[in-house]
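**Q** Contents of my_file.cif (mmCIF, C-alpha atoms):
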data_final
loop_
_atom_site.label_atom_id
_atom_site.label_comp_id
_atom_site.auth_asym_id
_atom_site.auth_seq_id
_atom_site.Cartn_x
_atom_site.Cartn_y
_atom_site.Cartn_z
CA MET U 637 13.40 2.72 53.18
CA ARG U 638 16.44 4.50 51.80
CA ILE U 639 18.19 4.15 48.45
CA VAL U 640 21.63 5.68 47.96
CA VAL U 641 22.86 6.57 44.48
CA VAL U 642 26.59 6.76 43.77
CA SER U 643 27.50 8.59 40.55
CA ALA U 644 31.11 8.78 39.38
CA GLY U 645 30.57 11.18 36.50
CA LEU U 646 33.22 13.87 36.15
CA SER U 647 31.41 16.52 34.14
CA SER U 648 28.34 18.60 34.81
CA PRO U 649 25.94 17.81 33.27
CA SER U 650 26.98 14.18 33.06
CA SER U 651 25.55 11.23 31.16
CA THR U 652 26.56 9.10 34.14
CA ARG U 653 24.44 11.22 36.47
CA LEU U 654 21.61 11.17 33.92
CA LEU U 655 21.63 7.36 33.88
CA ALA U 656 21.75 7.29 37.68
CA ASP U 657 18.73 9.63 37.84
CA ARG U 658 16.76 7.51 35.37
CA LEU U 659 17.51 4.32 37.27
CA THR U 660 16.38 6.02 40.46
CA ALA U 661 13.14 7.23 38.87
CA ALA U 662 12.45 3.73 37.50
CA THR U 663 12.91 2.26 40.98
CA LEU U 664 10.64 4.82 42.61
CA GLU U 665 7.84 3.87 40.23
CA HIS U 666 7.54 0.63 42.19
CA VAL U 667 8.52 1.49 45.75
CA ALA U 668 8.32 4.51 48.06
CA ALA U 669 11.78 5.37 49.32
CA GLU U 670 13.99 8.25 50.35
CA THR U 671 16.95 8.80 48.05
CA GLU U 672 20.38 10.34 48.47
CA VAL U 673 22.78 11.04 45.61
CA ILE U 674 26.53 10.96 46.19
CA GLU U 675 28.53 12.74 43.47
CA LEU U 676 32.05 11.32 43.71
CA ARG U 677 33.63 14.19 41.76
CA GLU U 678 32.76 16.42 44.72
CA LEU U 679 34.62 14.04 47.05
CA ALA U 680 37.72 13.41 44.93
CA THR U 681 40.06 15.40 47.18
CA GLU U 682 38.67 13.82 50.35
CA ILE U 683 39.06 10.33 48.88
CA ALA U 684 42.73 11.02 48.11
CA GLN U 685 43.26 12.43 51.61
CA HIS U 686 41.77 9.31 53.16
CA PHE U 687 44.25 7.09 51.30
CA VAL U 688 47.15 9.22 52.53
CA THR U 689 46.07 9.87 56.13
CA GLY U 690 43.90 6.84 56.86
CA PHE U 691 41.12 9.09 58.18
CA PRO U 692 38.08 10.21 56.15
CA PRO U 693 37.17 13.92 56.16
CA ALA U 694 33.66 14.67 57.41
CA ARG U 695 31.90 14.75 54.01
CA LEU U 696 33.48 11.50 52.90
CA ALA U 697 32.71 9.83 56.22
CA ALA U 698 29.06 10.84 55.82
CA ALA U 699 28.98 9.38 52.30
CA LEU U 700 30.52 6.09 53.44
CA ASP U 701 28.04 5.89 56.31
CA ALA U 702 25.14 6.57 53.94
CA VAL U 703 26.17 3.70 51.67
CA ALA U 704 26.55 1.36 54.63
CA ALA U 705 23.10 2.27 56.01
CA ALA U 706 21.23 2.15 52.69
CA ASP U 707 18.57 -0.46 52.00
CA GLY U 708 19.55 -0.48 48.33
CA LEU U 709 22.34 0.99 46.22
CA ILE U 710 22.55 2.31 42.67
CA ALA U 711 26.15 2.59 41.48
CA VAL U 712 26.99 4.15 38.10
CA THR U 713 30.40 4.84 36.57
CA PRO U 714 31.76 6.13 33.28
CA VAL U 715 34.02 3.73 31.38
CA PHE U 716 37.75 4.49 31.46
CA ALA U 717 40.25 2.26 29.64
CA GLY U 718 37.66 -0.50 29.32
CA SER U 719 36.74 -0.60 33.01
CA TYR U 720 35.26 1.46 35.86
CA SER U 721 36.86 4.80 36.60
CA GLY U 722 39.67 5.14 39.14
CA LEU U 723 37.53 7.50 41.22
CA PHE U 724 34.71 4.94 41.36
CA LYS U 725 37.07 2.13 42.40
CA SER U 726 38.83 4.33 44.96
CA PHE U 727 35.55 5.16 46.70
CA PHE U 728 34.52 1.54 47.01
CA ASP U 729 38.03 0.60 48.14
CA LEU U 730 37.27 2.71 51.22
CA ILE U 731 33.99 0.95 52.01
CA ASP U 732 34.15 -1.32 55.05
CA LYS U 733 34.46 -4.91 53.83
CA ASP U 734 31.17 -5.92 55.47
CA SER U 735 29.11 -2.83 54.59
CA LEU U 736 27.63 -4.21 51.39
CA THR U 737 27.03 -7.80 52.50
CA GLY U 738 23.61 -8.85 51.21
CA LYS U 739 22.74 -5.32 50.06
CA PRO U 740 20.87 -5.09 46.72
CA VAL U 741 23.02 -3.20 44.21
CA LEU U 742 21.93 -1.99 40.79
CA LEU U 743 24.88 -1.42 38.46
CA GLY U 744 25.12 1.06 35.61
CA ALA U 745 27.83 2.36 33.29
CA THR U 746 28.13 4.89 30.49
CA GLY U 747 30.53 5.08 27.55
CA GLY U 748 31.04 6.54 24.14
CA THR U 749 30.72 3.27 22.25
CA ALA U 750 28.77 0.03 22.49
CA ARG U 751 32.06 -1.90 22.40
CA HIS U 752 32.31 -1.43 26.17
CA SER U 753 28.84 -2.78 26.90
CA LEU U 754 30.19 -5.82 28.80
CA VAL U 755 32.02 -3.66 31.34
CA THR U 756 29.16 -4.23 33.76
CA GLU U 757 29.83 -7.99 33.60
CA HIS U 758 33.63 -8.28 33.45
CA ALA U 759 34.47 -5.39 35.79
CA LEU U 760 31.57 -4.09 37.89
CA ARG U 761 29.82 -7.35 38.75
CA PRO U 762 33.00 -9.10 40.01
CA LEU U 763 33.86 -6.08 42.16
CA PHE U 764 30.53 -6.06 43.97
CA THR U 765 30.39 -9.83 44.16
CA TYR U 766 33.73 -9.68 45.98
CA LEU U 767 32.15 -7.21 48.40
CA ARG U 768 29.37 -9.81 48.96
CA ALA U 769 26.65 -7.48 47.68
CA LEU U 770 23.45 -8.83 46.17
CA VAL U 771 24.11 -7.76 42.58
CA LEU U 772 20.87 -7.53 40.60
CA PRO U 773 20.46 -9.59 37.42
CA THR U 774 20.01 -6.59 35.13
CA ALA U 775 22.86 -4.09 34.80
CA VAL U 776 22.45 -1.13 32.47
CA TYR U 777 25.09 0.14 30.06
CA ALA U 778 24.35 3.26 28.03
CA ALA U 779 26.48 4.18 25.03
CA SER U 780 26.18 7.59 23.41
CA GLU U 781 23.91 6.26 20.66
CA ASP U 782 21.59 4.54 23.16
CA TRP U 783 20.07 7.72 24.54
CA GLY U 784 16.52 8.17 23.32
CA GLU U 785 16.30 4.57 22.13
CA GLU U 786 13.51 2.30 23.32
CA GLY U 787 15.92 -0.48 24.24
CA LEU U 788 17.68 1.63 26.87
CA ALA U 789 14.37 2.72 28.37
CA GLN U 790 13.27 -0.90 28.64
CA ARG U 791 16.50 -1.95 30.35
CA ILE U 792 16.20 0.92 32.81
CA ALA U 793 12.59 0.02 33.62
CA ARG U 794 13.48 -3.62 34.16
CA ALA U 795 16.45 -2.81 36.38
CA GLY U 796 14.44 -0.36 38.48
CA ALA U 797 11.73 -2.96 39.01
CA GLU U 798 14.32 -5.48 40.14
CA LEU U 799 15.81 -3.11 42.71
CA ALA U 800 12.34 -2.28 44.02
CA ARG U 801 11.58 -5.97 44.39
CA PHE U 802 14.75 -6.80 46.27
CA THR U 803 14.58 -3.79 48.61
CA THR U 804 10.92 -4.36 49.53
CA PRO U 805 10.57 -6.52 52.66
CA ALA U 806 8.83 -9.82 52.01
CA ALA U 807 5.20 -9.84 53.08
CA VAL U 808 4.50 -11.73 56.30
CA PRO U 809 1.52 -14.10 55.94
CA GLY U 810 -1.56 -12.36 57.25
CA GLN U 811 0.31 -9.08 57.69
CA GLY U 812 1.14 -7.90 54.20
CA THR U 813 0.12 -7.85 50.60
CA ALA U 814 1.20 -9.87 47.61
CA PRO U 815 4.05 -8.56 45.42
CA ASP U 816 3.10 -5.78 43.08
CA VAL U 817 1.91 -7.36 39.81
CA ASP U 818 3.43 -4.69 37.59
CA THR U 819 6.79 -5.08 39.30
CA ALA U 820 6.68 -8.84 39.01
CA ALA U 821 5.76 -8.67 35.34
CA ALA U 822 8.62 -6.32 34.59
CA ILE U 823 11.09 -8.70 36.21
CA ALA U 824 9.82 -11.76 34.30
CA PRO U 825 10.46 -14.09 37.26
CA ARG U 826 11.54 -17.70 36.99
CA SER U 827 10.71 -20.67 39.16
CA LEU U 828 13.34 -22.64 41.05
CA THR U 829 13.40 -25.16 38.19
CA GLY U 830 14.08 -22.41 35.65
CA ALA U 831 10.57 -22.38 34.16
CA ILE U 832 9.38 -18.96 33.05
CA THR U 833 6.42 -17.72 35.06
CA SER U 834 3.60 -15.63 33.70
CA VAL U 835 1.70 -13.07 35.73
CA ASP U 836 -2.04 -12.74 35.71
CA PRO U 837 -3.56 -9.85 37.70
CA ALA U 838 -6.48 -12.06 38.73
CA ASP U 839 -4.67 -15.28 39.55
CA GLY U 840 -1.25 -14.12 40.66
CA PHE U 841 1.83 -16.10 39.68
CA VAL U 842 1.31 -19.13 37.43
CA THR U 843 4.24 -21.37 36.57
CA VAL U 844 4.04 -22.66 33.00
CA PRO U 845 6.32 -25.66 32.38
CA PHE U 846 8.72 -25.24 29.48
CA GLU U 847 7.44 -28.41 27.81
CA GLN U 848 3.92 -26.95 27.80
CA ARG U 849 5.15 -23.76 26.17
CA LEU U 850 6.91 -25.76 23.46
CA ALA U 851 3.79 -27.84 22.85
CA ALA U 852 1.76 -24.67 22.33
CA LEU U 853 4.11 -23.62 19.52
CA ARG U 854 3.77 -26.82 17.52
CA VAL U 855 1.93 -26.67 14.24
CA PRO U 856 -1.24 -28.89 14.36
#
In structure tokens, write the structure found in this file.

**A**
Amino acid sequence: MRIVVVSAGLSSPSSTRLLADRLTAATLEHVAAETEVIELRELATEIAQHFVTGFPPARLAAALDAVAAADGLIAVTPVFAGSYSGLFKSFFDLIDKDSLTGKPVLLGATGGTARHSLVTEHALRPLFTYLRALVLPTAVYAASEDWGEEGLAQRIARAGAELARFTTPAAVPGQGTAPDVDTAAAIAPRSLTGAITSVDPADGFVTVPFEQRLAALRVP
């Protein structure tokens, strides 16, 4: 299994790369996988050349091939003018239109203020939905004040568990094991009817109807 990480940070060190690394580490807590990091700032010239000539230089071609062959993708961008960066968009403009079809993608973004926290929903998610990727439910935005806060760590852990779940092949009856309980608990899965499911290490998944949960909260 191979997970490719695309980081569009422009500085070194970069908060964008830091978020990408943390998302990768959170994923690897639940699944064994090889990882490859693509730093777009190192490919900026090649990306521009590709737009002009129509042919990708060798390093860029290798990066595009790596994304296409990955089992899962982590894509993180800094926020520029309320959206993803031009470098980030330019790279994914060069991806073959079918390369990301059905591929699990974990989205992340960094910015200087919490006011841009919805960039993952109004900019990133539509982009990857257009590319027919399987965009994971949890996207992670990290503002400057979020670093070191428990809330960010929890979002990173949840997102990593989701990517691990969606990149792990489903167990074949009689030939595999049940989903990892810790991973399932972190994702807080729901049934097809929308009922929240609870996880018990001894019993596996137990669907608790919403009406039953409400009844349990009533004062006798």

**Q** Nearest to Ala702 of chain U: which of U:Gly645, U:Thr689, U:Ile674, U:Met637 is it, counting only C-alpha atoms?

**A** U:Ile674

**Q** Care to translate the PyMOL selection byres ((chain U and resi 720-726) around 9) into actual residues of this file, as a VMD selection string?

**A** chain U and resid 642 to 645 676 to 677 680 683 to 684 687 711 to 719 727 to 730 745 755 to 756 759 to 760 763

**Q** Output C-alpha atoms of each residue in that selection to a file, as a PDB file, keeping the file's coordinate frame.

**A**
ATOM      1  CA  VAL U 642      26.590   6.760  43.770  1.00  0.00           C
ATOM      2  CA  SER U 643      27.500   8.590  40.550  1.00  0.00           C
ATOM      3  CA  ALA U 644      31.110   8.780  39.380  1.00  0.00           C
ATOM      4  CA  GLY U 645      30.570  11.180  36.500  1.00  0.00           C
ATOM      5  CA  LEU U 676      32.050  11.320  43.710  1.00  0.00           C
ATOM      6  CA  ARG U 677      33.630  14.190  41.760  1.00  0.00           C
ATOM      7  CA  ALA U 680      37.720  13.410  44.930  1.00  0.00           C
ATOM      8  CA  ILE U 683      39.060  10.330  48.880  1.00  0.00           C
ATOM      9  CA  ALA U 684      42.730  11.020  48.110  1.00  0.00           C
ATOM     10  CA  PHE U 687      44.250   7.090  51.300  1.00  0.00           C
ATOM     11  CA  ALA U 711      26.150   2.590  41.480  1.00  0.00           C
ATOM     12  CA  VAL U 712      26.990   4.150  38.100  1.00  0.00           C
ATOM     13  CA  THR U 713      30.400   4.840  36.570  1.00  0.00           C
ATOM     14  CA  PRO U 714      31.760   6.130  33.280  1.00  0.00           C
ATOM     15  CA  VAL U 715      34.020   3.730  31.380  1.00  0.00           C
ATOM     16  CA  PHE U 716      37.750   4.490  31.460  1.00  0.00           C
ATOM     17  CA  ALA U 717      40.250   2.260  29.640  1.00  0.00           C
ATOM     18  CA  GLY U 718      37.660  -0.500  29.320  1.00  0.00           C
ATOM     19  CA  SER U 719      36.740  -0.600  33.010  1.00  0.00           C
ATOM     20  CA  PHE U 727      35.550   5.160  46.700  1.00  0.00           C
ATOM     21  CA  PHE U 728      34.520   1.540  47.010  1.00  0.00           C
ATOM     22  CA  ASP U 729      38.030   0.600  48.140  1.00  0.00           C
ATOM     23  CA  LEU U 730      37.270   2.710  51.220  1.00  0.00           C
ATOM     24  CA  ALA U 745      27.830   2.360  33.290  1.00  0.00           C
ATOM     25  CA  VAL U 755      32.020  -3.660  31.340  1.00  0.00           C
ATOM     26  CA  THR U 756      29.160  -4.230  33.760  1.00  0.00           C
ATOM     27  CA  ALA U 759      34.470  -5.390  35.790  1.00  0.00           C
ATOM     28  CA  LEU U 760      31.570  -4.090  37.890  1.00  0.00           C
ATOM     29  CA  LEU U 763      33.860  -6.080  42.160  1.00  0.00           C
TER      30      LEU U 763
END

**Q** Quick one: apply the PyMOL selection byres ((chain U and resi 787-798) around 8) to the file and drop the selected residues here as a list in words.

**A**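 Applying the PyMOL selection byres ((chain U and resi 787-798) around 8) to the structure shown produces Arg658, Leu659, Thr660, Ala661, Ala662, Thr663, Leu664, Glu665, His666, Leu742, Leu772, Pro773, Thr774, Ala775, Val776, Ala778, Asp782, Trp783, Gly784, Glu785, Glu786, Leu799, Ala800, Arg801, Phe802, Thr819, Ala820, Ala822 and Ile823 of chain U.
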
**Q** Quote the spacing between atom CA of Leu696 of chain U and atom CA of Arg638 of chain U in Å to one decimal place.

**A**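 Pair atom CA of Leu696 of chain U / atom CA of Arg638 of chain U returns 18.5 Å.
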
**Q** Quote the spacing between atom CA of Gly708 of chain U and atom CA of Gly690 of chain U in Å to one decimal place.

**A**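 If I compute the distance from atom CA of Gly708 of chain U to atom CA of Gly690 of chain U, I get 26.8 Å.
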
**Q** Using Å and a single decimal, report how far atom CA of Glu672 of chain U sits from atom CA of Pro692 of chain U.

**A**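 Going from atom CA of Pro692 of chain U over to atom CA of Glu672 of chain U, I get 19.3 Å.
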
**Q** Excluding Pro693 of chain U and any residue of its chain fewer than 4 positions from it, enumerate the residues within 10 Å of it, using all atoms listed in the file, and give them as a ChimeraX atom specification.

**A** /U:679,681-683,685-686,689,697-698

**Q** Show which residues sit within 6 Å of segment 731-741 of chain U, as a ChimeraX atom specification. Count only C-alpha atoms, and ignore same-chain residues fewer than 6 positions away.

**A** /U:704,708-710,768-771

**Q** Check the smallest atom-to-atom distance from each of U:Ala699, U:Val640, U:Leu654, U:Ala779 to Val673 of chain U using all atoms listed in the file, then report the winner.

**A**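 Nearest candidate to Val673 of chain U out of U:Ala699, U:Val640, U:Leu654, U:Ala779: U:Val640.
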
**Q** Please write out, as AutoDock Vina command-line options, where the centre of an axis-aligned box around all listed atoms of segment 720-725 of chain U lies and how long its edges are, in Å to one decimal, after adding 4 Å on each side.

**A**
--center_x 37.2 --center_y 4.5 --center_z 39.1 --size_x 13.0 --size_y 14.0 --size_z 14.5

**Q** Calculated over all atoms listed in the file, which of the candidates U:Thr671, U:Ser647, U:Ala750, U:Gly744 has the smallest distance to Ala705 of chain U?

**A**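 Of U:Thr671, U:Ser647, U:Ala750, U:Gly744, the one nearest Ala705 of chain U, counting all atoms listed in the file, is U:Thr671.
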
**Q** Complete the atoms of segment 739-750 of chain U to all heavy atoms and put them out as a tab-separated table (two decimals), in the coordinates of the input.

**A**
chain	number	residue	atom	x	y	z
U	739	LYS	N	23.46	-6.54	50.45
U	739	LYS	CA	22.74	-5.32	50.06
U	739	LYS	C	22.45	-5.36	48.56
U	739	LYS	O	23.34	-5.58	47.76
U	739	LYS	CB	23.57	-4.08	50.40
U	739	LYS	CG	22.78	-2.77	50.34
U	739	LYS	CD	23.68	-1.57	50.57
U	739	LYS	CE	24.41	-1.62	51.90
U	739	LYS	NZ	23.47	-1.52	53.04
U	740	PRO	N	21.19	-5.13	48.15
U	740	PRO	CA	20.87	-5.09	46.72
U	740	PRO	C	21.58	-3.93	46.03
U	740	PRO	O	21.50	-2.78	46.50
U	740	PRO	CB	19.35	-4.91	46.69
U	740	PRO	CG	18.87	-5.32	48.04
U	740	PRO	CD	19.98	-4.96	48.98
U	741	VAL	N	22.27	-4.22	44.94
U	741	VAL	CA	23.02	-3.20	44.21
U	741	VAL	C	22.65	-3.27	42.73
U	741	VAL	O	22.75	-4.33	42.10
U	741	VAL	CB	24.54	-3.39	44.37
U	741	VAL	CG1	25.29	-2.34	43.56
U	741	VAL	CG2	24.94	-3.30	45.84
U	742	LEU	N	22.23	-2.13	42.20
U	742	LEU	CA	21.93	-1.99	40.79
U	742	LEU	C	23.10	-1.29	40.12
U	742	LEU	O	23.48	-0.19	40.52
U	742	LEU	CB	20.64	-1.17	40.61
U	742	LEU	CG	20.27	-0.69	39.20
U	742	LEU	CD1	20.27	-1.84	38.21
U	742	LEU	CD2	18.92	0.01	39.23
U	743	LEU	N	23.68	-1.93	39.11
U	743	LEU	CA	24.88	-1.42	38.46
U	743	LEU	C	24.55	-0.72	37.15
U	743	LEU	O	23.69	-1.17	36.39
U	743	LEU	CB	25.85	-2.57	38.18
U	743	LEU	CG	26.30	-3.39	39.39
U	743	LEU	CD1	27.19	-4.53	38.94
U	743	LEU	CD2	27.02	-2.51	40.40
U	744	GLY	N	25.27	0.35	36.87
U	744	GLY	CA	25.12	1.06	35.61
U	744	GLY	C	26.46	1.61	35.15
U	744	GLY	O	27.36	1.84	35.96
U	745	ALA	N	26.60	1.79	33.85
U	745	ALA	CA	27.83	2.36	33.29
U	745	ALA	C	27.49	3.11	32.02
U	745	ALA	O	26.52	2.80	31.33
U	745	ALA	CB	28.85	1.26	33.02
U	746	THR	N	28.31	4.10	31.71
U	746	THR	CA	28.13	4.89	30.49
U	746	THR	C	29.45	4.93	29.72
U	746	THR	O	30.53	4.88	30.30
U	746	THR	CB	27.70	6.33	30.80
U	746	THR	OG1	28.68	6.95	31.65
U	746	THR	CG2	26.34	6.34	31.51
U	747	GLY	N	29.33	5.01	28.38
U	747	GLY	CA	30.53	5.08	27.55
U	747	GLY	C	30.20	5.66	26.20
U	747	GLY	O	29.03	5.82	25.84
U	748	GLY	N	31.24	5.93	25.44
U	748	GLY	CA	31.04	6.54	24.14
U	748	GLY	C	30.73	5.56	23.03
U	748	GLY	O	30.32	5.96	21.94
U	749	THR	N	30.93	4.28	23.29
U	749	THR	CA	30.72	3.27	22.25
U	749	THR	C	30.13	2.01	22.85
U	749	THR	O	30.39	1.67	24.01
U	749	THR	CB	32.06	2.92	21.56
U	749	THR	OG1	31.86	1.79	20.70
U	749	THR	CG2	33.13	2.57	22.57
U	750	ALA	N	29.38	1.28	22.05
U	750	ALA	CA	28.77	0.03	22.49
U	750	ALA	C	29.80	-1.07	22.71
U	750	ALA	O	29.49	-2.10	23.30
U	750	ALA	CB	27.73	-0.43	21.47
